[in-house]
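What follows is run.txt (compact mmCIF, N, CA and C atoms).
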# COMPACT_ATOMS: atom_id res chain seq x y z
N MET A 359 195.84 26.22 199.83
CA MET A 359 194.78 26.94 200.50
C MET A 359 193.52 26.88 199.66
N ARG A 360 192.42 26.61 200.27
CA ARG A 360 191.14 26.49 199.59
C ARG A 360 190.59 27.87 199.23
N LYS A 361 190.07 27.99 198.01
CA LYS A 361 189.49 29.27 197.58
C LYS A 361 188.14 29.48 198.25
N GLN A 362 187.83 30.72 198.55
CA GLN A 362 186.50 31.06 199.05
C GLN A 362 185.52 30.95 197.89
N LYS A 363 184.27 30.65 198.22
CA LYS A 363 183.23 30.54 197.21
C LYS A 363 182.49 31.87 197.09
N ILE A 364 182.04 32.14 195.88
CA ILE A 364 181.24 33.34 195.63
C ILE A 364 180.05 32.96 194.76
N TYR A 365 178.87 33.40 195.17
CA TYR A 365 177.62 33.06 194.49
C TYR A 365 177.33 34.08 193.40
N LEU A 366 177.01 33.58 192.20
CA LEU A 366 176.65 34.45 191.08
C LEU A 366 175.16 34.33 190.80
N GLU A 367 174.46 35.45 190.84
CA GLU A 367 173.04 35.44 190.53
C GLU A 367 172.83 35.90 189.08
N SER A 368 171.64 35.80 188.59
CA SER A 368 171.37 35.98 187.16
C SER A 368 171.74 37.35 186.60
N THR A 369 171.61 38.39 187.38
CA THR A 369 171.93 39.73 186.89
C THR A 369 173.38 39.82 186.44
N MET A 370 174.26 39.14 187.13
CA MET A 370 175.69 39.18 186.80
C MET A 370 175.94 38.70 185.37
N PHE A 371 175.25 37.66 184.97
CA PHE A 371 175.43 37.10 183.62
C PHE A 371 174.92 38.08 182.57
N ASN A 372 173.80 38.72 182.85
CA ASN A 372 173.26 39.70 181.91
C ASN A 372 174.18 40.91 181.76
N TYR A 373 174.69 41.40 182.88
CA TYR A 373 175.60 42.56 182.82
C TYR A 373 176.88 42.22 182.07
N TYR A 374 177.35 41.00 182.20
CA TYR A 374 178.57 40.58 181.52
C TYR A 374 178.38 40.64 180.01
N LEU A 375 177.22 40.23 179.54
CA LEU A 375 176.98 40.14 178.10
C LEU A 375 176.46 41.43 177.48
N ASP A 376 175.85 42.30 178.25
CA ASP A 376 175.24 43.52 177.71
C ASP A 376 176.25 44.67 177.75
N GLU A 377 176.92 44.88 176.63
CA GLU A 377 177.98 45.88 176.56
C GLU A 377 177.47 47.32 176.69
N ASP A 378 176.16 47.52 176.56
CA ASP A 378 175.58 48.86 176.66
C ASP A 378 175.30 49.28 178.11
N ARG A 379 175.37 48.37 179.03
CA ARG A 379 175.11 48.70 180.43
C ARG A 379 176.32 49.42 181.03
N ASP A 380 176.03 50.35 181.91
CA ASP A 380 177.11 51.10 182.57
C ASP A 380 178.05 50.17 183.33
N ALA A 381 177.52 49.11 183.89
CA ALA A 381 178.32 48.23 184.74
C ALA A 381 178.99 47.10 183.97
N HIS A 382 178.89 47.09 182.66
CA HIS A 382 179.46 45.99 181.87
C HIS A 382 180.95 45.81 182.13
N LYS A 383 181.71 46.87 181.98
CA LYS A 383 183.17 46.77 182.13
C LYS A 383 183.53 46.29 183.53
N ALA A 384 182.90 46.83 184.53
CA ALA A 384 183.18 46.43 185.91
C ALA A 384 182.79 44.96 186.14
N THR A 385 181.73 44.52 185.50
CA THR A 385 181.29 43.14 185.65
C THR A 385 182.29 42.18 185.00
N VAL A 386 182.79 42.53 183.83
CA VAL A 386 183.81 41.71 183.17
C VAL A 386 185.06 41.63 184.06
N GLU A 387 185.46 42.75 184.61
CA GLU A 387 186.62 42.76 185.51
C GLU A 387 186.36 41.90 186.74
N LEU A 388 185.14 41.96 187.25
CA LEU A 388 184.79 41.15 188.41
C LEU A 388 184.87 39.66 188.07
N PHE A 389 184.33 39.27 186.91
CA PHE A 389 184.40 37.87 186.51
C PHE A 389 185.86 37.42 186.39
N ASN A 390 186.71 38.25 185.84
CA ASN A 390 188.13 37.90 185.74
C ASN A 390 188.75 37.74 187.12
N SER A 391 188.41 38.62 188.01
CA SER A 391 188.91 38.55 189.37
C SER A 391 188.40 37.29 190.08
N ILE A 392 187.14 37.00 189.87
CA ILE A 392 186.54 35.81 190.49
C ILE A 392 187.28 34.56 190.03
N ALA A 393 187.56 34.47 188.75
CA ALA A 393 188.24 33.29 188.20
C ALA A 393 189.60 33.09 188.84
N GLU A 394 190.26 34.17 189.18
CA GLU A 394 191.60 34.09 189.78
C GLU A 394 191.57 33.80 191.28
N LYS A 395 190.59 34.34 191.97
CA LYS A 395 190.62 34.33 193.43
C LYS A 395 189.57 33.46 194.12
N TYR A 396 188.47 33.15 193.43
CA TYR A 396 187.36 32.49 194.09
C TYR A 396 186.89 31.26 193.31
N GLU A 397 186.12 30.46 193.98
CA GLU A 397 185.41 29.36 193.33
C GLU A 397 183.97 29.84 193.17
N ALA A 398 183.58 30.13 191.94
CA ALA A 398 182.24 30.67 191.69
C ALA A 398 181.24 29.53 191.59
N TYR A 399 180.02 29.82 192.01
CA TYR A 399 178.94 28.86 191.87
C TYR A 399 177.62 29.60 191.71
N THR A 400 176.62 28.87 191.28
CA THR A 400 175.29 29.43 191.14
C THR A 400 174.30 28.35 191.53
N SER A 401 173.02 28.57 191.29
CA SER A 401 172.01 27.61 191.72
C SER A 401 171.15 27.15 190.54
N VAL A 402 170.39 26.11 190.79
CA VAL A 402 169.47 25.63 189.76
C VAL A 402 168.42 26.69 189.45
N TYR A 403 168.13 27.54 190.40
CA TYR A 403 167.14 28.60 190.19
C TYR A 403 167.68 29.66 189.22
N VAL A 404 168.95 29.97 189.33
CA VAL A 404 169.56 30.91 188.39
C VAL A 404 169.61 30.28 187.00
N ILE A 405 169.99 29.03 186.91
CA ILE A 405 170.03 28.34 185.61
C ILE A 405 168.64 28.36 184.98
N ALA A 406 167.61 28.11 185.76
CA ALA A 406 166.24 28.14 185.24
C ALA A 406 165.88 29.53 184.73
N GLU A 407 166.31 30.55 185.44
CA GLU A 407 166.04 31.92 184.99
C GLU A 407 166.81 32.24 183.71
N LEU A 408 168.05 31.78 183.62
CA LEU A 408 168.85 32.02 182.42
C LEU A 408 168.24 31.33 181.20
N GLN A 409 167.55 30.22 181.42
CA GLN A 409 166.93 29.49 180.32
C GLN A 409 165.81 30.28 179.65
N LYS A 410 165.34 31.33 180.28
CA LYS A 410 164.29 32.16 179.69
C LYS A 410 164.84 33.06 178.60
N ALA A 411 166.15 33.19 178.52
CA ALA A 411 166.79 34.01 177.48
C ALA A 411 166.74 33.27 176.15
N SER A 412 167.11 33.98 175.09
CA SER A 412 167.19 33.33 173.79
C SER A 412 168.20 32.19 173.87
N PRO A 413 168.07 31.17 173.02
CA PRO A 413 169.02 30.05 173.07
C PRO A 413 170.48 30.50 172.92
N GLU A 414 170.74 31.47 172.05
CA GLU A 414 172.11 31.94 171.87
C GLU A 414 172.64 32.62 173.13
N LYS A 415 171.83 33.50 173.71
CA LYS A 415 172.27 34.20 174.93
C LYS A 415 172.41 33.21 176.08
N TYR A 416 171.51 32.25 176.17
CA TYR A 416 171.59 31.24 177.21
C TYR A 416 172.91 30.49 177.12
N ARG A 417 173.29 30.08 175.92
CA ARG A 417 174.56 29.35 175.74
C ARG A 417 175.75 30.20 176.21
N LYS A 418 175.72 31.48 175.88
CA LYS A 418 176.82 32.36 176.28
C LYS A 418 176.87 32.52 177.80
N MET A 419 175.70 32.66 178.42
CA MET A 419 175.68 32.82 179.87
C MET A 419 176.14 31.56 180.58
N VAL A 420 175.69 30.41 180.11
CA VAL A 420 176.09 29.15 180.74
C VAL A 420 177.59 28.92 180.54
N ALA A 421 178.13 29.35 179.41
CA ALA A 421 179.56 29.20 179.17
C ALA A 421 180.37 29.99 180.20
N LEU A 422 179.82 31.06 180.72
CA LEU A 422 180.52 31.86 181.74
C LEU A 422 180.70 31.08 183.04
N ILE A 423 179.83 30.14 183.28
CA ILE A 423 179.92 29.35 184.51
C ILE A 423 181.19 28.52 184.50
N ALA A 424 181.60 28.10 183.32
CA ALA A 424 182.79 27.24 183.21
C ALA A 424 184.10 28.03 183.25
N ILE A 425 184.04 29.36 183.21
CA ILE A 425 185.26 30.16 183.20
C ILE A 425 186.00 30.02 184.51

Go ahead and express the file in the form of structure tokens.
Amino acid sequence: MRKQKIYLESTMFNYYLDEDRDAHKATVELFNSIAEKYEAYTSVYVIAELQKASPEKYRKMVALIAI
């Protein structure tokens, strides 16, 4: 059976990495759930927005795409 696709926008990546945000834990749980149940994707526009972050944070956010 083919997995449904789910679109990830830039806020999701920031919430995943920012442990001080209220939604951090829920976002990590969501990413784990997505990896198990869905085929995640994003757009070139999100990648361009992520590139505005520091090089270290950008690398971490892009690494999440491969999860």

Suppose you want the space between atom C of Gln362 of chain A and atom CA of Ile392 of chain A; what is it in Å?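 Interatomic distance here is 8.9 Å.
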
Pick from A:Leu375, A:Leu388, A:Ala393, A:Ala381: nearest to Met419 of chain A, with only N, CA and C atoms counted?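 Distance minimum relative to Met419 of chain A lands on A:Leu375.
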
Residues near Thr400 of chain A, anyone? I mean within 8 Å using all atoms listed in the file, not counting same-chain ones fewer than 5 positions away, as a VMD selection string. chain A and resid 364 to 368 405 423

Ranking A:Lys383, A:Phe389, A:Glu414, A:Val420 by minimum distance to Val402 of chain A and counting only C-alpha atoms, which one comes first?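 Closest candidate: A:Val420.
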
Rounded to one decimal in Å, what is the spacing between atom N of Tyr396 of chain A and atom C of Lys361 of chain A?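 Separating atom N of Tyr396 of chain A from atom C of Lys361 of chain A is a distance of 6.1 Å.
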
Compile the contact shell of Tyr373 of chain A as a short mmCIF file (atom, residue, chain, number, x, y, z; two decimals) with N, CA and C atoms, in the frame of the given file: residues with an atom at most 8 Å away, counting all atoms listed in the file, same-chain residues fewer than 5 positions apart removed.
data_model
loop_
_atom_site.label_atom_id
_atom_site.label_comp_id
_atom_site.auth_asym_id
_atom_site.auth_seq_id
_atom_site.Cartn_x
_atom_site.Cartn_y
_atom_site.Cartn_z
N SER A 368 171.64 35.80 188.59
CA SER A 368 171.37 35.98 187.16
C SER A 368 171.74 37.35 186.60
N ASP A 378 176.16 47.52 176.56
CA ASP A 378 175.58 48.86 176.66
C ASP A 378 175.30 49.28 178.11
N ARG A 379 175.37 48.37 179.03
CA ARG A 379 175.11 48.70 180.43
C ARG A 379 176.32 49.42 181.03
N ASP A 380 176.03 50.35 181.91
CA ASP A 380 177.11 51.10 182.57
C ASP A 380 178.05 50.17 183.33
N ALA A 381 177.52 49.11 183.89
CA ALA A 381 178.32 48.23 184.74
C ALA A 381 178.99 47.10 183.97
N HIS A 382 178.89 47.09 182.66
CA HIS A 382 179.46 45.99 181.87
C HIS A 382 180.95 45.81 182.13
N LYS A 383 181.71 46.87 181.98
CA LYS A 383 183.17 46.77 182.13
C LYS A 383 183.53 46.29 183.53
N ALA A 384 182.90 46.83 184.53
CA ALA A 384 183.18 46.43 185.91
C ALA A 384 182.79 44.96 186.14
N THR A 385 181.73 44.52 185.50
CA THR A 385 181.29 43.14 185.65
C THR A 385 182.29 42.18 185.00
N VAL A 386 182.79 42.53 183.83
CA VAL A 386 183.81 41.71 183.17
C VAL A 386 185.06 41.63 184.06
#

Helix (DSSP H, G or I) positions in chain A, given as a ChimeraX atom specification: /A:368-375,382-395,402-408,413-423

As an exercise, work out the distance from atom CA of Lys418 of chain A to atom N of Met370 of chain A in Å and give it to one decimal place.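 Answer for the atom CA of Lys418 of chain A to atom N of Met370 of chain A separation: 13.0 Å.
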
From chain A, collect each residue whose DSSP state is strand (DSSP E or B) and return the set as number ranges by chain. A: 362-365, 396-399
